[in-house]
Protein chains: 2
Amino acid sequence: MTAQKDMPDGRALTKNETLVFSALEAADQPLSAYAILDRVRDRGVRAPVQVYRALDRLVASGLAHRLESLNAFVACAHPHCDARGQTAFAICERCGKVTEFADPALDGHLAAWADKADFDAHSTTVELHGLCSDCRAT
Amino acid sequence: MTAQKDMPDGRALTKNETLVFSALEAADQPLSAYAILDRVRDRGVRAPVQVYRALDRLVASGLAHRLESLNAFVACAHPHCDARGQTAFAICERCGKVTEFADPALDGHLAAWADKADFDAHSTTVELHGLCSDCRAT
DNA sequence: TGAATTGCGTTATGATATAACGTATGGTAC
DNA sequence: GTACCATACGTTATATCATAACGCAATTCA
Ligand SMILES: [Zn+2]
Ligand SMILES: [Zn+2]
Ligand SMILES: [Zn+2]
Ligand SMILES: [Zn+2]
């Protein structure tokens, strides 16, 4: 009995949102929209646009994140993030594993720069590419 | 008489590299590869792949940068960056203007996180979206 | 009940990026 | 000089990522 997942505003996930989110949760790597589609086709989702619509809502709610440098998506690793992009990602170039992390000091630095430059930041993208701990070792 | 541009290793830009780089320099916004193609077609560049090949080399050398969150490219705003992605970008959602900045403290924080997580970072992407100083005012 | 809202399904298309192949050119070994 | 190599270029085709435009179904609420 998996717990019923809800959006942060309390409403339950729709059918397509549930299918897409489950696919992301089950994956050990980021998935492209089309890779998600492959995994939910047999549950009745036929077209890319249905996946993208579900992803739009999941990302907006913070239940999933888009990795801009991969054009791919991951389930949020935390109870829930908001959608402001305050989390950063470390992406392994070898095994594909993604580590999501929040670093308040980092946010502080970005906020300080924005303040000094009179830039009103709405969202931030921080993505590191490299080798994860496991892959460095080998 | 514009100065002849060179790669950081000293060699001169090739014909296609020059055309693509000039298009980026002339633009006041990031350009997609296809937008670049539109601007160099009349100089003999016919196909997307020619633009992508020139971009690959310009980005690898640090003369241009790829904005992951836009799938677009800009000329480097500095004398020259290396290709390690140590610069960050503030992107205005209203006017499209991009400000490239380097913040050693930011790099320091990312390096510290990577060290702690035993992650070997090869490159970093940092992109802020929001409103530039001019666009906030209006 | 009937209008508004939201999600779904279908078809078609647009936008971004690369594969696979051959040709041209300039440098270097002999 | 010529055989060889490495690098850039050109052409065609194709792969991958994302959205437009339309109508239908279910829910909410006046
Ligand atoms: Zn998250
Ligand atoms: Zn790894
Ligand atoms: Zn730069
Ligand atoms: Zn602006």
# chains A, B, ... in the order shown; residues from 1 in each chain; ligands from 1
>>> interface_residues(of="chain B", to="chain A", cutoff="9 Å", atoms="only C-alpha atoms", output="PyMOL selection string")
chain B and resi 67-71+90-92+103+105-106+109-110+113-114+117-134+136
>>> closest_atom_pairs(of="chain A", to="chain C", cutoff="9 Å", atoms="only C-alpha atoms (C1' of nucleotides)", output="CSV")
residue,atom,partner,partner_atom,distance
A:Thr14,CA,C:DG7,C1',8.2
A:Asn16,CA,C:DC8,C1',8.9
A:Val45,CA,C:DG9,C1',9.0
A:Arg46,CA,C:DG9,C1',8.3
A:Ala47,CA,C:DT10,C1',8.4
A:Gln50,CA,C:DC8,C1',7.9
>>> interface_residues(of="chain D", to="chain A", cutoff="12 Å", atoms="only C-alpha atoms (C1' of nucleotides)", output="ChimeraX atom specification")
/D:16-20
>>> residues_near_ligand(ligand="ligand 1", cutoff="6 Å", atoms="only C-alpha atoms (C1' of nucleotides) and all ligand atoms", output="number ranges by chain")
A: 76-78, 80-81
>>> write_last_selection(atoms="all heavy atoms", output="short mmCIF file (atom, residue, chain, number, x, y, z; two decimals), in the first residue's frame")
data_model
loop_
_atom_site.label_atom_id
_atom_site.label_comp_id
_atom_site.auth_asym_id
_atom_site.auth_seq_id
_atom_site.Cartn_x
_atom_site.Cartn_y
_atom_site.Cartn_z
N CYS A 76 11.51 14.92 -7.09
CA CYS A 76 12.17 15.66 -6.02
C CYS A 76 12.64 14.67 -4.96
O CYS A 76 11.92 13.74 -4.59
CB CYS A 76 11.23 16.67 -5.41
SG CYS A 76 11.97 17.58 -4.03
N ALA A 77 13.85 14.90 -4.47
CA ALA A 77 14.44 13.99 -3.49
C ALA A 77 14.04 14.35 -2.06
O ALA A 77 14.34 13.63 -1.13
CB ALA A 77 15.96 14.02 -3.61
N HIS A 78 13.36 15.46 -1.91
CA HIS A 78 13.00 15.94 -0.58
C HIS A 78 11.50 15.77 -0.36
O HIS A 78 10.77 15.49 -1.31
CB HIS A 78 13.39 17.41 -0.44
CG HIS A 78 14.86 17.65 -0.67
ND1 HIS A 78 15.35 18.80 -1.24
CD2 HIS A 78 15.93 16.87 -0.41
CE1 HIS A 78 16.67 18.71 -1.32
NE2 HIS A 78 17.05 17.56 -0.83
N HIS A 80 9.22 18.03 0.07
CA HIS A 80 8.85 18.82 -1.10
C HIS A 80 9.61 20.12 -1.15
O HIS A 80 9.77 20.81 -0.16
CB HIS A 80 7.35 19.09 -1.18
CG HIS A 80 6.77 19.64 0.07
ND1 HIS A 80 6.27 18.84 1.07
CD2 HIS A 80 6.62 20.91 0.50
CE1 HIS A 80 5.82 19.59 2.05
NE2 HIS A 80 6.03 20.85 1.75
N CYS A 81 10.09 20.42 -2.36
CA CYS A 81 10.69 21.71 -2.65
C CYS A 81 9.58 22.61 -3.14
O CYS A 81 8.55 22.15 -3.60
CB CYS A 81 11.70 21.58 -3.78
SG CYS A 81 13.20 20.70 -3.32
#
>>> residues_around(residues="Ala26 (chain B)", least_positions_apart="6", cutoff="12 Å", atoms="only C-alpha atoms (C1' of nucleotides)", output="list of chain:residue names")
B:Thr18, B:Leu19, B:Val20, B:Ile36, B:Arg39, B:Val40, B:Val74, B:Ala75
>>> write_last_selection(atoms="N, CA, C and O atoms", output="PDB file, in the first residue's frame")
ATOM      1  N   THR B  18      34.398  32.104 -37.436  1.00  0.00           N
ATOM      2  CA  THR B  18      34.353  33.563 -37.502  1.00  0.00           C
ATOM      3  C   THR B  18      32.928  34.059 -37.761  1.00  0.00           C
ATOM      4  O   THR B  18      32.446  34.987 -37.101  1.00  0.00           O
ATOM      5  N   LEU B  19      32.262  33.418 -38.705  1.00  0.00           N
ATOM      6  CA  LEU B  19      30.902  33.841 -39.047  1.00  0.00           C
ATOM      7  C   LEU B  19      29.970  33.671 -37.848  1.00  0.00           C
ATOM      8  O   LEU B  19      29.179  34.564 -37.525  1.00  0.00           O
ATOM      9  N   VAL B  20      30.065  32.530 -37.195  1.00  0.00           N
ATOM     10  CA  VAL B  20      29.188  32.253 -36.055  1.00  0.00           C
ATOM     11  C   VAL B  20      29.505  33.184 -34.893  1.00  0.00           C
ATOM     12  O   VAL B  20      28.604  33.775 -34.281  1.00  0.00           O
ATOM     13  N   ILE B  36      21.257  31.661 -35.394  1.00  0.00           N
ATOM     14  CA  ILE B  36      22.578  31.951 -35.951  1.00  0.00           C
ATOM     15  C   ILE B  36      22.597  31.571 -37.430  1.00  0.00           C
ATOM     16  O   ILE B  36      23.054  32.333 -38.279  1.00  0.00           O
ATOM     17  N   ARG B  39      21.354  34.020 -39.721  1.00  0.00           N
ATOM     18  CA  ARG B  39      22.204  35.200 -39.882  1.00  0.00           C
ATOM     19  C   ARG B  39      23.462  34.938 -40.696  1.00  0.00           C
ATOM     20  O   ARG B  39      24.175  35.893 -41.034  1.00  0.00           O
ATOM     21  N   VAL B  40      23.788  33.687 -40.952  1.00  0.00           N
ATOM     22  CA  VAL B  40      25.024  33.402 -41.698  1.00  0.00           C
ATOM     23  C   VAL B  40      24.761  32.655 -43.005  1.00  0.00           C
ATOM     24  O   VAL B  40      25.691  32.325 -43.728  1.00  0.00           O
ATOM     25  N   VAL B  74      25.738  32.624 -26.333  1.00  0.00           N
ATOM     26  CA  VAL B  74      26.190  34.024 -26.291  1.00  0.00           C
ATOM     27  C   VAL B  74      27.699  34.068 -26.498  1.00  0.00           C
ATOM     28  O   VAL B  74      28.410  33.122 -26.160  1.00  0.00           O
ATOM     29  N   ALA B  75      28.172  35.202 -27.022  1.00  0.00           N
ATOM     30  CA  ALA B  75      29.616  35.441 -27.035  1.00  0.00           C
ATOM     31  C   ALA B  75      30.057  35.710 -25.612  1.00  0.00           C
ATOM     32  O   ALA B  75      29.322  36.316 -24.831  1.00  0.00           O
TER      33      ALA B  75
END
>>> select_by_dssp(residues="chain B", states="helix (DSSP H, G or I)", output="ChimeraX atom specification")
/B:15-26,33-43,48-61,104-117,133-137
>>> atom_distance(atom1="CA of Pro8 (chain A)", atom2="CA of Ala111 (chain A)")
25.3 Å
>>> atom_distance(atom1="atom 1 (Zn, counted along the ligand's line) of ligand 2", atom2="CA of Phe73 (chain A)")
17.4 Å
>>> closest_residue(among="B:Leu13, B:Val59, B:Val51, B:Ala23", to="ligand 3", atoms="only C-alpha atoms and all ligand atoms")
B:Val59
>>> closest_residue(among="B:Ala54, B:Ala27, B:Met7, B:Cys95", to="ligand 4", atoms="only C-alpha atoms and all ligand atoms")
B:Cys95
>>> decode(residues="region 10-25 of chain D", atoms="N, CA and C atoms (P, O5', C5', C4', C3', O3' and C1' of nucleotides)", output="mmCIF file, in the first residue's frame")
data_model
loop_
_atom_site.group_PDB
_atom_site.id
_atom_site.type_symbol
_atom_site.label_atom_id
_atom_site.label_comp_id
_atom_site.auth_asym_id
_atom_site.auth_seq_id
_atom_site.Cartn_x
_atom_site.Cartn_y
_atom_site.Cartn_z
ATOM 1 P P DG D 10 31.561 25.053 -45.912
ATOM 2 O "O5'" DG D 10 30.888 23.750 -46.559
ATOM 3 C "C5'" DG D 10 31.435 23.207 -47.744
ATOM 4 C "C4'" DG D 10 30.544 22.083 -48.261
ATOM 5 C "C3'" DG D 10 29.043 22.386 -48.165
ATOM 6 O "O3'" DG D 10 28.484 22.124 -49.445
ATOM 7 C "C1'" DG D 10 29.550 20.295 -47.144
ATOM 8 P P DT D 11 26.968 22.284 -49.767
ATOM 9 O "O5'" DT D 11 26.368 20.843 -49.445
ATOM 10 C "C5'" DT D 11 26.742 19.753 -50.291
ATOM 11 C "C4'" DT D 11 25.925 18.531 -49.912
ATOM 12 C "C3'" DT D 11 24.433 18.801 -49.671
ATOM 13 O "O3'" DT D 11 23.697 18.058 -50.637
ATOM 14 C "C1'" DT D 11 25.361 17.437 -47.952
ATOM 15 P P DT D 12 22.130 18.141 -50.678
ATOM 16 O "O5'" DT D 12 21.701 16.872 -49.818
ATOM 17 C "C5'" DT D 12 22.250 15.589 -50.143
ATOM 18 C "C4'" DT D 12 21.774 14.602 -49.105
ATOM 19 C "C3'" DT D 12 20.281 14.716 -48.758
ATOM 20 O "O3'" DT D 12 19.668 13.487 -49.150
ATOM 21 C "C1'" DT D 12 21.624 14.542 -46.793
ATOM 22 P P DA D 13 18.114 13.214 -48.865
ATOM 23 O "O5'" DA D 13 18.115 12.507 -47.432
ATOM 24 C "C5'" DA D 13 19.023 11.433 -47.186
ATOM 25 C "C4'" DA D 13 19.016 11.124 -45.699
ATOM 26 C "C3'" DA D 13 17.608 10.951 -45.112
ATOM 27 O "O3'" DA D 13 17.529 9.621 -44.628
ATOM 28 C "C1'" DA D 13 18.971 12.345 -43.729
ATOM 29 P P DT D 14 16.136 9.114 -43.931
ATOM 30 O "O5'" DT D 14 16.379 9.416 -42.390
ATOM 31 C "C5'" DT D 14 17.609 8.966 -41.780
ATOM 32 C "C4'" DT D 14 17.698 9.509 -40.383
ATOM 33 C "C3'" DT D 14 16.436 9.306 -39.546
ATOM 34 O "O3'" DT D 14 16.827 8.513 -38.452
ATOM 35 C "C1'" DT D 14 17.306 11.473 -39.270
ATOM 36 P P DA D 15 15.768 7.866 -37.451
ATOM 37 O "O5'" DA D 15 16.220 8.510 -36.065
ATOM 38 C "C5'" DA D 15 17.610 8.587 -35.770
ATOM 39 C "C4'" DA D 15 17.813 9.553 -34.631
ATOM 40 C "C3'" DA D 15 16.821 9.374 -33.494
ATOM 41 O "O3'" DA D 15 17.602 9.416 -32.306
ATOM 42 C "C1'" DA D 15 16.826 11.637 -34.209
ATOM 43 P P DT D 16 16.899 9.076 -30.877
ATOM 44 O "O5'" DT D 16 16.554 10.500 -30.277
ATOM 45 C "C5'" DT D 16 17.598 11.399 -29.990
ATOM 46 C "C4'" DT D 16 16.995 12.703 -29.577
ATOM 47 C "C3'" DT D 16 15.944 12.608 -28.458
ATOM 48 O "O3'" DT D 16 16.443 13.434 -27.427
ATOM 49 C "C1'" DT D 16 15.212 14.026 -30.188
ATOM 50 P P DC D 17 15.667 13.515 -26.019
ATOM 51 O "O5'" DC D 17 14.901 14.901 -26.139
ATOM 52 C "C5'" DC D 17 15.664 16.106 -26.244
ATOM 53 C "C4'" DC D 17 14.710 17.257 -26.469
ATOM 54 C "C3'" DC D 17 13.587 17.404 -25.437
ATOM 55 O "O3'" DC D 17 13.634 18.750 -24.967
ATOM 56 C "C1'" DC D 17 12.713 17.539 -27.623
ATOM 57 P P DA D 18 12.586 19.214 -23.813
ATOM 58 O "O5'" DA D 18 11.388 19.798 -24.693
ATOM 59 C "C5'" DA D 18 11.590 20.964 -25.473
ATOM 60 C "C4'" DA D 18 10.288 21.375 -26.131
ATOM 61 C "C3'" DA D 18 9.093 21.505 -25.186
ATOM 62 O "O3'" DA D 18 8.791 22.889 -25.096
ATOM 63 C "C1'" DA D 18 8.502 20.482 -27.269
ATOM 64 P P DT D 19 7.481 23.415 -24.327
ATOM 65 O "O5'" DT D 19 6.440 23.576 -25.541
ATOM 66 C "C5'" DT D 19 6.865 24.286 -26.691
ATOM 67 C "C4'" DT D 19 5.747 24.334 -27.705
ATOM 68 C "C3'" DT D 19 4.392 24.820 -27.164
ATOM 69 O "O3'" DT D 19 3.999 25.885 -28.007
ATOM 70 C "C1'" DT D 19 4.135 22.870 -28.455
ATOM 71 P P DA D 20 2.638 26.687 -27.702
ATOM 72 O "O5'" DA D 20 1.752 26.396 -29.004
ATOM 73 C "C5'" DA D 20 2.416 26.265 -30.271
ATOM 74 C "C4'" DA D 20 1.381 26.113 -31.367
ATOM 75 C "C3'" DA D 20 0.039 26.753 -31.075
ATOM 76 O "O3'" DA D 20 -0.524 27.180 -32.323
ATOM 77 C "C1'" DA D 20 -0.232 24.406 -31.225
ATOM 78 P P DA D 21 -1.887 28.074 -32.331
ATOM 79 O "O5'" DA D 21 -3.049 27.011 -32.619
ATOM 80 C "C5'" DA D 21 -2.841 26.030 -33.637
ATOM 81 C "C4'" DA D 21 -4.032 25.107 -33.696
ATOM 82 C "C3'" DA D 21 -5.333 25.724 -33.161
ATOM 83 O "O3'" DA D 21 -6.380 25.325 -34.026
ATOM 84 C "C1'" DA D 21 -4.898 23.705 -32.051
ATOM 85 P P DC D 22 -7.802 26.122 -33.976
ATOM 86 O "O5'" DC D 22 -8.787 24.999 -33.451
ATOM 87 C "C5'" DC D 22 -8.976 23.864 -34.267
ATOM 88 C "C4'" DC D 22 -9.333 22.674 -33.426
ATOM 89 C "C3'" DC D 22 -10.553 22.832 -32.511
ATOM 90 O "O3'" DC D 22 -11.737 22.558 -33.245
ATOM 91 C "C1'" DC D 22 -8.848 21.409 -31.626
ATOM 92 P P DG D 23 -13.207 22.814 -32.518
ATOM 93 O "O5'" DG D 23 -13.560 21.404 -31.852
ATOM 94 C "C5'" DG D 23 -13.292 20.188 -32.534
ATOM 95 C "C4'" DG D 23 -13.443 19.059 -31.527
ATOM 96 C "C3'" DG D 23 -14.707 19.154 -30.660
ATOM 97 O "O3'" DG D 23 -15.315 17.875 -30.565
ATOM 98 C "C1'" DG D 23 -12.795 18.990 -29.290
ATOM 99 P P DC D 24 -16.702 17.684 -29.736
ATOM 100 O "O5'" DC D 24 -16.276 16.769 -28.503
ATOM 101 C "C5'" DC D 24 -15.536 15.571 -28.741
ATOM 102 C "C4'" DC D 24 -15.209 14.941 -27.396
ATOM 103 C "C3'" DC D 24 -16.413 14.853 -26.454
ATOM 104 O "O3'" DC D 24 -16.369 13.571 -25.832
ATOM 105 C "C1'" DC D 24 -14.655 16.034 -25.406
ATOM 106 P P DA D 25 -17.532 13.135 -24.795
ATOM 107 O "O5'" DA D 25 -16.823 13.347 -23.391
ATOM 108 C "C5'" DA D 25 -15.633 12.614 -23.091
ATOM 109 C "C4'" DA D 25 -15.314 12.759 -21.616
ATOM 110 C "C3'" DA D 25 -16.516 12.674 -20.682
ATOM 111 O "O3'" DA D 25 -16.097 11.967 -19.522
ATOM 112 C "C1'" DA D 25 -15.466 14.778 -20.410
#
